[in-house]
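Pasting work-v2.tsv here (TSV, C-alpha atoms and all ligand atoms):
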chain	number	residue	atom	x	y	z
A	1	MET	CA	12.46	3.82	43.43
A	2	PRO	CA	15.13	5.97	45.01
A	3	ASP	CA	18.42	4.21	45.42
A	4	ARG	CA	19.34	6.79	48.02
A	5	PRO	CA	17.62	9.55	49.92
A	6	ASN	CA	17.21	12.81	48.04
A	7	TYR	CA	20.35	14.57	49.08
A	8	PRO	CA	23.60	14.62	47.19
A	9	VAL	CA	26.22	12.01	48.04
A	10	GLN	CA	29.35	13.75	49.30
A	11	LEU	CA	32.68	12.30	50.44
A	12	VAL	CA	34.69	15.53	50.72
A	13	GLN	CA	33.30	18.79	52.09
A	14	PRO	CA	34.15	22.14	50.47
A	15	ASP	CA	36.69	22.75	53.26
A	16	GLY	CA	38.54	19.59	52.25
A	17	HIS	CA	37.51	17.41	55.19
A	18	ARG	CA	36.14	13.95	54.55
A	19	VAL	CA	32.50	13.05	55.15
A	20	LEU	CA	31.63	9.92	57.11
A	21	ASP	CA	29.69	7.83	54.57
A	22	ARG	CA	30.97	4.29	54.84
A	23	GLU	CA	28.89	2.90	52.01
A	24	HIS	CA	30.23	5.29	49.39
A	25	ALA	CA	33.72	5.53	50.87
A	26	ALA	CA	33.97	1.75	50.41
A	27	LEU	CA	33.52	2.22	46.65
A	28	VAL	CA	36.70	4.32	46.49
A	29	ALA	CA	38.68	2.53	49.21
A	30	ASP	CA	41.47	1.83	46.70
A	31	ILE	CA	42.04	5.54	46.06
A	32	GLY	CA	45.20	6.15	48.07
A	33	PRO	CA	47.68	9.06	48.04
A	34	GLU	CA	48.97	8.40	44.51
A	35	GLN	CA	45.49	8.06	43.03
A	36	LEU	CA	44.32	11.24	44.78
A	37	ARG	CA	47.27	13.08	43.37
A	38	ALA	CA	46.53	11.67	39.92
A	39	LEU	CA	42.93	12.92	40.11
A	40	TYR	CA	44.21	16.34	41.14
A	41	THR	CA	46.68	16.37	38.25
A	42	ASP	CA	43.92	15.42	35.81
A	43	MET	CA	41.73	18.27	37.03
A	44	VAL	CA	44.47	20.90	36.86
A	45	VAL	CA	45.50	19.76	33.37
A	46	VAL	CA	41.96	19.75	31.99
A	47	ARG	CA	41.34	23.19	33.42
A	48	ARG	CA	44.43	24.39	31.58
A	49	ILE	CA	43.22	22.79	28.34
A	50	ASP	CA	39.84	24.45	28.80
A	51	ILE	CA	41.29	27.89	29.51
A	52	GLU	CA	43.52	27.48	26.46
A	53	GLY	CA	40.41	26.66	24.37
A	54	THR	CA	38.69	29.85	25.49
A	55	ALA	CA	41.83	31.94	24.90
A	56	LEU	CA	42.32	30.46	21.42
A	57	GLN	CA	38.75	31.41	20.50
A	58	ARG	CA	39.22	34.94	21.82
A	59	GLN	CA	42.33	35.25	19.66
A	60	GLY	CA	40.46	34.16	16.52
A	61	GLN	CA	42.08	30.72	16.33
A	62	LEU	CA	38.86	28.79	17.05
A	63	GLY	CA	35.33	29.46	15.83
A	64	LEU	CA	33.78	28.37	19.13
A	65	TRP	CA	34.61	26.72	22.45
A	66	ALA	CA	32.22	25.38	25.11
A	67	PRO	CA	34.03	25.82	28.44
A	68	LEU	CA	33.76	23.19	31.16
A	69	LEU	CA	35.12	25.51	33.86
A	70	GLY	CA	33.72	24.35	37.22
A	71	GLN	CA	32.69	20.90	35.97
A	72	GLU	CA	36.11	19.24	36.25
A	73	ALA	CA	35.20	16.98	39.20
A	74	THR	CA	32.07	15.62	37.54
A	75	GLN	CA	33.88	14.90	34.29
A	76	VAL	CA	37.14	13.51	35.68
A	77	GLY	CA	35.48	11.55	38.51
A	78	SER	CA	32.97	9.86	36.19
A	79	ALA	CA	35.42	9.24	33.33
A	80	ARG	CA	37.94	7.62	35.69
A	81	ALA	CA	35.19	5.19	36.78
A	82	LEU	CA	34.86	3.75	33.28
A	83	HIS	CA	36.45	0.65	31.81
A	84	PRO	CA	38.29	1.01	28.49
A	85	ASP	CA	35.56	-0.98	26.69
A	86	ASP	CA	32.65	1.08	28.06
A	87	TYR	CA	31.37	3.53	25.45
A	88	VAL	CA	30.87	7.26	26.06
A	89	PHE	CA	28.18	9.34	24.31
A	90	CYS	CA	28.80	13.01	25.02
A	91	SER	CA	27.54	16.52	24.34
A	92	TYR	CA	29.80	19.42	23.31
A	93	ARG	CA	31.23	20.18	26.76
A	94	GLU	CA	33.10	17.01	27.66
A	95	ALA	CA	36.72	17.82	26.76
A	96	ALA	CA	37.79	16.58	30.21
A	97	VAL	CA	36.08	13.24	29.67
A	98	ALA	CA	37.79	12.98	26.29
A	99	TYR	CA	41.16	13.72	27.89
A	100	CYS	CA	40.60	10.94	30.44
A	101	ARG	CA	39.58	8.51	27.67
A	102	GLY	CA	43.00	9.03	26.13
A	103	VAL	CA	42.18	11.48	23.35
A	104	ASP	CA	45.37	13.28	22.36
A	105	PRO	CA	44.97	16.86	23.70
A	106	THR	CA	46.14	18.16	20.32
A	107	GLU	CA	42.97	16.72	18.73
A	108	LEU	CA	40.49	18.41	21.07
A	109	THR	CA	40.17	21.62	19.06
A	110	ARG	CA	40.01	20.30	15.48
A	111	LEU	CA	36.26	20.50	15.08
A	112	TRP	CA	36.06	23.91	16.79
A	113	ARG	CA	38.67	25.31	14.40
A	114	GLY	CA	36.49	24.20	11.52
A	115	VAL	CA	39.21	22.18	9.80
A	116	ALA	CA	37.55	18.77	10.17
A	117	HIS	CA	34.14	17.19	10.74
A	118	SER	CA	35.34	15.58	13.94
A	119	CYS	CA	38.08	15.80	16.57
A	120	TRP	CA	39.16	12.21	17.20
A	121	ASP	CA	38.63	8.62	16.02
A	122	PRO	CA	35.69	7.50	18.20
A	123	ASP	CA	36.45	3.78	18.13
A	124	ALA	CA	40.07	4.33	19.18
A	125	VAL	CA	38.90	5.67	22.56
A	126	SER	CA	35.31	4.37	22.76
A	127	MET	CA	33.85	7.86	22.84
A	128	THR	CA	31.75	9.76	20.32
A	129	ASN	CA	32.69	13.21	19.05
A	130	PRO	CA	31.14	16.47	20.30
A	131	ASN	CA	27.41	16.40	19.62
A	132	ILE	CA	25.41	19.59	19.29
A	133	ILE	CA	21.89	18.10	19.09
A	134	VAL	CA	20.82	18.51	22.69
A	135	GLY	CA	19.76	15.19	24.24
A	136	SER	CA	20.17	12.96	21.18
A	137	GLN	CA	23.14	11.17	22.75
A	138	GLY	CA	20.76	9.62	25.29
A	139	LEU	CA	19.15	7.64	22.48
A	140	HIS	CA	22.48	6.74	20.91
A	141	ALA	CA	23.84	5.49	24.25
A	142	THR	CA	20.71	3.45	24.88
A	143	GLY	CA	20.68	1.89	21.43
A	144	TYR	CA	24.37	1.01	21.60
A	145	ALA	CA	23.96	-0.42	25.10
A	146	TYR	CA	21.03	-2.57	24.08
A	147	ALA	CA	22.83	-3.82	20.96
A	148	ALA	CA	25.90	-4.67	23.05
A	149	HIS	CA	23.65	-6.57	25.44
A	150	LEU	CA	22.18	-8.57	22.52
A	151	ASP	CA	25.72	-9.33	21.37
A	152	GLY	CA	26.56	-10.65	24.83
A	153	ALA	CA	29.20	-7.96	25.43
A	154	GLU	CA	29.44	-7.12	29.13
A	155	ILE	CA	29.99	-3.40	28.77
A	156	ALA	CA	28.21	-0.24	29.85
A	157	THR	CA	27.53	2.95	27.96
A	158	ILE	CA	27.29	6.36	29.54
A	159	ALA	CA	25.38	9.38	28.22
A	160	TYR	CA	26.55	12.82	29.37
A	161	PHE	CA	23.87	15.49	29.08
A	162	GLY	CA	22.75	18.65	30.83
A	163	ASP	CA	19.89	19.89	32.99
A	164	GLY	CA	18.36	21.53	29.92
A	165	ALA	CA	18.64	18.30	27.92
A	166	SER	CA	16.63	16.53	30.62
A	167	SER	CA	13.57	18.33	29.20
A	168	GLN	CA	14.13	16.93	25.70
A	169	GLY	CA	11.91	14.21	24.31
A	170	ASP	CA	15.00	12.24	23.30
A	171	ILE	CA	16.02	11.81	26.93
A	172	ALA	CA	12.48	10.80	27.95
A	173	GLU	CA	12.37	8.22	25.14
A	174	ALA	CA	15.81	6.92	26.05
A	175	LEU	CA	14.82	6.49	29.71
A	176	GLY	CA	11.66	4.64	28.74
A	177	PHE	CA	13.42	2.28	26.36
A	178	ALA	CA	16.37	1.66	28.67
A	179	ALA	CA	14.06	0.82	31.58
A	180	GLY	CA	11.80	-1.43	29.51
A	181	TRP	CA	14.61	-3.41	27.93
A	182	GLY	CA	17.15	-3.30	30.75
A	183	ALA	CA	19.77	-1.57	28.59
A	184	PRO	CA	23.14	-1.25	30.33
A	185	VAL	CA	23.33	2.55	30.15
A	186	VAL	CA	24.26	5.16	32.74
A	187	PHE	CA	22.49	8.51	32.32
A	188	LEU	CA	24.78	11.17	33.73
A	189	CYS	CA	23.03	14.52	33.98
A	190	GLN	CA	25.45	17.36	34.65
A	191	ASN	CA	23.15	19.80	36.39
A	192	ASN	CA	25.27	22.92	35.97
A	193	HIS	CA	22.26	25.12	36.81
A	194	TRP	CA	21.91	26.73	33.39
A	195	ALA	CA	20.80	25.83	29.86
A	196	ILE	CA	22.24	28.85	28.08
A	197	SER	CA	20.14	31.60	29.77
A	198	GLU	CA	17.45	29.30	31.22
A	199	PRO	CA	17.86	28.54	34.93
A	200	VAL	CA	17.37	24.94	36.07
A	201	ARG	CA	14.18	25.80	37.96
A	202	VAL	CA	12.32	26.10	34.65
A	203	GLN	CA	13.40	22.58	33.65
A	204	SER	CA	11.97	20.80	36.66
A	205	GLN	CA	10.04	21.60	39.80
A	206	THR	CA	11.50	18.52	41.51
A	207	PRO	CA	15.10	17.31	41.58
A	208	ILE	CA	15.91	16.06	38.08
A	209	VAL	CA	16.91	12.65	39.44
A	210	ARG	CA	13.31	11.99	40.44
A	211	ARG	CA	12.34	11.73	36.79
A	212	ALA	CA	14.30	8.47	36.68
A	213	TYR	CA	12.18	6.97	39.45
A	214	GLY	CA	9.07	7.41	37.33
A	215	TYR	CA	10.62	5.06	34.77
A	216	GLY	CA	11.68	2.56	37.43
A	217	ILE	CA	15.34	3.50	37.02
A	218	PRO	CA	17.44	3.78	40.19
A	219	GLY	CA	19.05	7.15	40.60
A	220	VAL	CA	21.30	9.16	42.83
A	221	GLN	CA	22.15	12.80	43.34
A	222	VAL	CA	25.82	13.50	43.87
A	223	ASP	CA	27.86	16.57	44.74
A	224	GLY	CA	29.34	17.12	41.29
A	225	ASN	CA	32.16	19.26	42.65
A	226	ASP	CA	33.44	16.35	44.75
A	227	VAL	CA	35.57	14.14	42.51
A	228	LEU	CA	35.64	11.21	44.96
A	229	ALA	CA	31.87	11.15	45.37
A	230	VAL	CA	31.36	11.25	41.60
A	231	LEU	CA	33.91	8.45	41.14
A	232	ALA	CA	32.07	6.35	43.77
A	233	VAL	CA	28.54	6.68	42.39
A	234	THR	CA	29.64	6.28	38.78
A	235	ARG	CA	31.56	3.10	39.62
A	236	GLN	CA	28.42	1.74	41.27
A	237	ALA	CA	26.23	2.57	38.27
A	238	ILE	CA	28.75	1.21	35.75
A	239	GLU	CA	29.15	-2.06	37.64
A	240	ARG	CA	25.37	-2.41	37.83
A	241	ALA	CA	25.13	-1.99	34.07
A	242	ARG	CA	28.03	-4.31	33.26
A	243	SER	CA	26.67	-7.07	35.46
A	244	GLY	CA	23.20	-7.08	33.90
A	245	GLY	CA	21.50	-4.81	36.44
A	246	GLY	CA	20.20	-2.39	33.78
A	247	PRO	CA	20.20	1.40	33.60
A	248	SER	CA	20.97	3.99	36.29
A	249	PHE	CA	20.64	7.75	36.53
A	250	ILE	CA	23.12	10.11	38.19
A	251	GLU	CA	22.36	13.79	38.75
A	252	ALA	CA	25.64	15.57	39.42
A	253	ILE	CA	25.05	18.95	41.04
A	254	THR	CA	27.68	21.30	39.70
A	255	TYR	CA	28.00	24.78	38.22
A	256	ARG	CA	28.96	26.24	34.86
A	257	MET	CA	31.36	28.96	35.97
A	258	GLY	CA	32.00	30.29	32.47
A	259	PRO	CA	29.73	31.32	29.61
A	260	HIS	CA	27.57	28.72	27.83
A	261	THR	CA	30.00	28.99	24.94
A	262	THR	CA	32.38	31.70	23.83
A	263	ALA	CA	29.43	33.17	21.87
A	264	ASP	CA	27.51	33.85	25.11
A	265	ASP	CA	27.65	36.65	27.71
A	266	PRO	CA	26.26	35.33	31.01
A	267	THR	CA	26.45	38.73	32.72
A	268	ARG	CA	23.26	39.58	30.78
A	269	TYR	CA	21.15	37.00	32.61
A	270	ARG	CA	22.75	35.83	35.85
A	271	ALA	CA	23.72	37.59	39.04
A	272	ALA	CA	27.39	38.08	39.89
A	273	ALA	CA	26.57	36.97	43.46
A	274	GLU	CA	25.60	33.51	42.23
A	275	LEU	CA	28.94	32.99	40.51
A	276	GLU	CA	30.71	34.32	43.58
A	277	GLU	CA	28.87	31.81	45.79
A	278	TRP	CA	29.86	28.88	43.60
A	279	SER	CA	33.46	30.02	43.34
A	280	HIS	CA	33.79	28.96	47.00
A	281	ARG	CA	32.86	25.43	45.95
A	282	ASP	CA	35.48	25.19	43.19
A	283	PRO	CA	36.16	21.47	42.64
A	284	ILE	CA	39.92	21.86	42.25
A	285	ASP	CA	40.25	23.93	45.45
A	286	ARG	CA	38.34	21.24	47.32
A	287	LEU	CA	40.66	18.41	46.31
A	288	ARG	CA	43.64	20.65	46.97
A	289	ARG	CA	42.42	21.23	50.54
A	290	LEU	CA	41.98	17.48	51.03
A	291	LEU	CA	45.54	16.87	49.82
A	292	GLU	CA	46.73	19.57	52.20
A	293	HIS	CA	44.88	18.08	55.19
A	294	GLU	CA	46.29	14.66	54.41
A	295	GLY	CA	49.86	15.89	53.98
A	296	LEU	CA	50.00	15.10	50.26
A	297	LEU	CA	50.73	18.54	48.90
A	298	ASP	CA	54.34	19.66	48.68
A	299	ALA	CA	56.25	22.11	46.52
A	300	GLU	CA	57.82	19.41	44.39
A	301	PHE	CA	54.45	17.82	43.54
A	302	GLU	CA	52.88	21.21	42.81
A	303	ALA	CA	55.76	22.14	40.50
A	304	ARG	CA	55.30	18.86	38.63
A	305	VAL	CA	51.57	19.45	38.17
A	306	THR	CA	52.11	23.00	36.94
A	307	ALA	CA	54.82	21.84	34.54
A	308	ARG	CA	52.51	19.15	33.15
A	309	ALA	CA	49.65	21.66	32.69
A	310	ASP	CA	52.01	24.13	31.01
A	311	GLU	CA	53.28	21.42	28.70
A	312	VAL	CA	49.81	20.20	27.65
A	313	GLY	CA	48.53	23.78	27.30
A	314	ALA	CA	51.40	24.63	24.98
A	315	GLN	CA	50.80	21.46	22.95
A	316	VAL	CA	47.13	22.36	22.45
A	317	ARG	CA	48.02	25.93	21.44
A	318	THR	CA	50.77	25.01	18.98
A	319	ALA	CA	48.82	22.13	17.43
A	320	THR	CA	45.74	24.32	16.95
A	321	ILE	CA	47.57	27.16	15.27
A	322	ASP	CA	49.49	24.72	13.06
A	323	MET	CA	46.38	22.84	11.83
A	324	PRO	CA	46.37	23.13	8.05
A	325	ASP	CA	43.28	24.45	6.30
A	326	PRO	CA	41.60	21.60	4.43
A	327	ASP	CA	40.65	21.67	0.76
A	328	PRO	CA	37.17	23.32	0.91
A	329	SER	CA	35.65	20.52	-1.18
A	330	ALA	CA	36.49	18.10	1.66
A	331	LEU	CA	33.30	19.46	3.20
A	332	PHE	CA	31.41	17.08	0.92
A	333	ASP	CA	33.48	13.99	1.77
A	334	HIS	CA	31.99	11.27	3.97
A	335	VAL	CA	28.43	12.60	3.79
A	336	TYR	CA	27.43	9.32	2.13
A	337	THR	CA	29.55	6.19	1.75
A	338	THR	CA	28.70	5.99	-1.97
A	339	PRO	CA	28.36	8.78	-4.57
A	340	HIS	CA	25.17	10.78	-4.24
A	341	ALA	CA	23.70	12.96	-7.01
A	342	LEU	CA	22.75	15.91	-4.78
A	343	ILE	CA	26.13	16.01	-3.03
A	344	THR	CA	27.94	15.75	-6.38
A	345	GLU	CA	25.92	18.71	-7.67
A	346	GLU	CA	26.56	20.74	-4.52
A	347	ARG	CA	30.29	20.00	-4.71
A	348	ARG	CA	30.37	21.20	-8.33
A	349	GLU	CA	28.36	24.32	-7.51
A	350	TYR	CA	30.57	25.20	-4.57
A	351	ALA	CA	33.73	24.75	-6.63
A	352	ALA	CA	32.25	27.10	-9.26
A	353	TYR	CA	31.40	29.62	-6.55
A	354	LEU	CA	34.95	29.52	-5.19
A	355	ALA	CA	36.29	29.94	-8.71
A	356	GLY	CA	34.16	33.11	-9.01
A	357	ASP	CA	31.81	31.77	-11.72
A	358	PRO	CA	29.64	34.83	-12.61
A	359	GLY	CA	26.92	32.60	-14.07
A	360	LEU	CA	26.39	31.11	-10.66
A	361	ASP	CA	25.83	34.52	-9.04
A	362	ALA	CA	23.36	35.44	-11.78
A	363	ALA	CA	21.45	32.18	-11.21
A	364	ARG	CA	21.33	32.86	-7.48
A	365	THR	CA	19.97	36.36	-7.77
A	366	GLU	CA	17.44	35.48	-10.47
A	367	GLY	CA	14.02	36.70	-9.43
A	368	VAL	CA	15.44	38.82	-6.59
A	369	PRO	CA	14.12	42.38	-6.97
B	401	LIG	C1	17.69	19.87	19.88
B	401	LIG	C2	18.37	21.18	20.19
B	401	LIG	N1	17.65	22.20	20.66
B	401	LIG	C3	18.24	23.39	20.98
B	401	LIG	C4	19.59	23.55	20.79
B	401	LIG	C5	20.27	24.87	21.16
B	401	LIG	N2	21.02	24.66	22.42
B	401	LIG	C6	22.33	24.39	22.40
B	401	LIG	S1	22.93	24.13	23.93
B	401	LIG	C7	21.44	24.42	24.65
B	401	LIG	C8	21.28	24.36	26.14
B	401	LIG	C9	21.60	23.02	26.73
B	401	LIG	O1	21.65	23.13	28.13
B	401	LIG	P1	22.03	21.90	29.04
B	401	LIG	O2	21.38	20.66	28.53
B	401	LIG	O3	21.76	22.28	30.45
B	401	LIG	O4	23.59	21.69	28.80
B	401	LIG	P2	24.81	22.70	29.11
B	401	LIG	O5	24.96	23.55	27.88
B	401	LIG	O6	24.45	23.49	30.32
B	401	LIG	O7	26.00	21.84	29.31
B	401	LIG	C10	20.47	24.70	23.68
B	401	LIG	C11	19.07	25.01	23.97
B	401	LIG	C12	20.32	22.47	20.24
B	401	LIG	N3	21.64	22.54	20.03
B	401	LIG	N4	19.70	21.28	20.00
B	402	MG	MG	23.10	23.00	31.86

Please express what this file holds, its structure, as structure tokens.
Ligand SMILES: Cc1ncc(C[n+]2csc(CCOP(=O)(O)OP(=O)(O)O)c2C)c(N)n1
Ligand SMILES: [Mg+2]
Amino acid sequence: MPDRPNYPVQLVQPDGHRVLDREHAALVADIGPEQLRALYTDMVVVRRIDIEGTALQRQGQLGLWAPLLGQEATQVGSARALHPDDYVFCSYREAAVAYCRGVDPTELTRLWRGVAHSCWDPDAVSMTNPNIIVGSQGLHATGYAYAAHLDGAEIATIAYFGDGASSQGDIAEALGFAAGWGAPVVFLCQNNHWAISEPVRVQSQTPIVRRAYGYGIPGVQVDGNDVLAVLAVTRQAIERARSGGGPSFIEAITYRMGPHTTADDPTRYRAAAELEEWSHRDPIDRLRRLLEHEGLLDAEFEARVTARADEVGAQVRTATIDMPDPDPSALFDHVYTTPHALITEERREYAAYLAGDPGLDAARTEGVP
């Protein structure tokens, strides 16, 4: 049941000129000069945060960072379509979504520095913390959406996942349940063309969005490097969910311009020409060209945006470096709400190990030839 023909919705071409698509343009008719400039500012700031994350890892200040470079339009456009009471279930790459939800930029690196189990308070911003289990957030988003529906709350949930995650059983189960029970969930697949070193062609021989049709879920493909188009289709899907119309599926066609994470070297498996081709479709350049065409870009505005990005980048850097190391035994806090024998034993053993208990080493190596 295609909602739309199988080509990506686009409102702004890579050269910055608008596309004539009245239906989708009507969904963003309220986005005037100030709102366009705000979307541009968001994208420049989140790119700075992301670059700072990568640099901090390279300098040994973070254990890992999953860059979102190239995916700014998908993340900002979709996040700006949400209501404050909608609930976001994310993967590990959605720092830009978190920024738009109101997470303090100085909290974005806490987990990746290894000083806490989480980055931010999920209920303060209605967004879960980074989730490494590929695809599981689809189930969480569906369960939460269905429970909210039973409670009579008129909200939507949104699950952000990747092209690789679309092959996971969890996503298939989530789609089946959401369709059967009319759960108000939006499945947002960021097709960034790669799942670590696996190209998208090995995930699906048809456009990923078509999987939704098999479940009876309406879906749409969108140009994920076009922030206005993403805003339009996400608004439509969110309103459908909030008004009792059930689940939707969005496949945002975008590109992961950086490595999978800072632990990955993409030059070992993908051609430089591919990256070069996508660099001409950079989402920030596209919005910049639109602003230029529409006379909304001037030196004063640009200076303000750069100053804001510099300020946030510096905040992230300073806050990360200043994060105090926790007491190592805090690792065992919050595993269970009540005392648990195994955790208590592990806490004691770990404390003995840190104290250099020789008996512990002997016990460990017992039986080792
Ligand atoms: C259940 C599970 N299987 C495998 C992994 C290892 N893994 C981490 S990320 C990843 C690729 C995910 O690709 P995709 O869904 O396209 O998201 P992207 O990283 O491109 O944003 C894999 C296989 C994991 N974390 N969880
Ligand atoms: Mg991917």

So that each row is one residue of chain A with an atom at most 6 Å from ligand MG 402 (chain B), can you give its shortest atom pair and the distance in Å to one decimal, using all atoms listed in the file, rows by chain and rising number, as a tab-separated table?
residue	atom	partner	partner_atom	distance
A:Gly162	CA	B:MG402	MG	4.5
A:Asp163	CA	B:MG402	MG	4.6
A:Gly164	CA	B:MG402	MG	5.3
A:Asn191	CA	B:MG402	MG	5.5
A:Asn192	CA	B:MG402	MG	4.6
A:His193	CA	B:MG402	MG	5.5
A:Trp194	CA	B:MG402	MG	4.2
A:Ala195	CA	B:MG402	MG	4.2

Subject >> Expected answer as an MDAnalysis selection string: residues within 10 Å of ligand LIG 401 (chain B), all atoms listed in the file >> reply: chainID A and resid 66:68 71 91:94 131:136 160:170 189:200 203 255:256 259:261

**OP:** Do a neighbour search on A:His83 at 12 Å with all atoms listed in the file, toss out local chain neighbours closer than 4 positions, and write the hits as a PyMOL selection string.
**Re:** chain A and resi 78-79+87-88+100-101+125-127+154-158+234-235+238-239+241-242

Residues of the last selection are to be written out with C-alpha atoms, as a tab-separated table (two decimals), keeping the file's coordinate frame.
chain	number	residue	atom	x	y	z
A	78	SER	CA	32.97	9.86	36.19
A	79	ALA	CA	35.42	9.24	33.33
A	87	TYR	CA	31.37	3.53	25.45
A	88	VAL	CA	30.87	7.26	26.06
A	100	CYS	CA	40.60	10.94	30.44
A	101	ARG	CA	39.58	8.51	27.67
A	125	VAL	CA	38.90	5.67	22.56
A	126	SER	CA	35.31	4.37	22.76
A	127	MET	CA	33.85	7.86	22.84
A	154	GLU	CA	29.44	-7.12	29.13
A	155	ILE	CA	29.99	-3.40	28.77
A	156	ALA	CA	28.21	-0.24	29.85
A	157	THR	CA	27.53	2.95	27.96
A	158	ILE	CA	27.29	6.36	29.54
A	234	THR	CA	29.64	6.28	38.78
A	235	ARG	CA	31.56	3.10	39.62
A	238	ILE	CA	28.75	1.21	35.75
A	239	GLU	CA	29.15	-2.06	37.64
A	241	ALA	CA	25.13	-1.99	34.07
A	242	ARG	CA	28.03	-4.31	33.26

Original post:
Got a sec: who's within 9 Å of A:Phe177, counting all atoms listed in the file, leaving out chain neighbours fewer than 5 positions off, as a list in words?
Top reply: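 The neighbour list is Leu139, Thr142, Gly143, Ala172, Gly182 and Ala183 of chain A.
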
Original post:
So what do you get for atom CA of A:Asp50 versus atom CA of A:His334, distance-wise?
Top reply: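 According to the coordinates, atom CA of A:Asp50 and atom CA of A:His334 are separated by 29.2 Å.
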
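With distances restricted to only C-alpha atoms, A:Val186 is the closest residue to A:Ser248 from A:Leu228, A:Asp298, A:Arg37, A:Val186.
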
Subject >> Distance criterion (only C-alpha atoms): nearest to A:Trp65 out of A:Thr262, A:Thr320, A:Thr306, A:Gln10 >> reply: A:Thr262

Original post:
What does the distance between atom CA of A:Ala96 and atom CA of A:His149 come to in Å, to one decimal place?
Top reply: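 Between atom CA of A:Ala96 and atom CA of A:His149 the gap works out to 27.5 Å.
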
Original post:
What separation in Å, quoted to one decimal, exists between atom CA of A:Thr267 and atom CA of A:Val45?
Top reply: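 Between atom CA of A:Thr267 and atom CA of A:Val45 the gap is 26.9 Å.
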
Original post:
From the set A:Glu300, A:Asp282, A:Asp86, A:Glu345, which residue has the shortest atom-to-atom contact distance to A:Asp15, counting all atoms listed in the file?
Top reply: A:Asp282

Listed atoms of stretch 84-88 of chain A, axis-aligned box, 4 Å per side: centre and edge lengths to one decimal in Å, as AutoDock Vina command-line options?
--center_x 34.6 --center_y 3.1 --center_z 27.0 --size_x 15.4 --size_y 16.2 --size_z 11.0

Original post:
Looking at A:Pro8, A:Glu277, A:Gln61, A:Tyr99, which one is nearest to A:Thr318, with distances taken over only C-alpha atoms?
Top reply: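 That would be A:Gln61, the residue with the smallest distance to A:Thr318.
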
**OP:** Write out as an MDAnalysis selection string which residues come within 9 Å of A:Ala179 when counting all atoms listed in the file, dropping same-chain ones fewer than 5 positions away.
**Re:** chainID A and resid 174 215:217 246:248

Original post:
Which one of A:Ala148, A:Ala73, A:Val335, A:Ala29 sits closest to A:Val44 if you count all atoms listed in the file?
Top reply: A:Ala73

Subject >> Contact residues around A:Ala252 with only C-alpha atoms at 8 Å, ignoring same-chain residues under 5 positions, as a VMD selection string >> reply: chain A and resid 74 188 to 191 221 to 224 230

**OP:** Would you please work out which residue, of A:Asn225, A:Thr109, A:Thr254, A:Ser204, is nearest to A:Pro283 when using all atoms listed in the file?
**Re:**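 Of all the options, A:Asn225 lies closest to A:Pro283.
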
**OP:** Determine, counting all atoms listed in the file, which protein, DNA and RNA residues have an atom within 12 Å of an atom of A:Phe332; residues of the same chain fewer than 2 positions away are not included. Present the result as a ChimeraX atom specification.
**Re:** /A:116-117,326-330,334-351
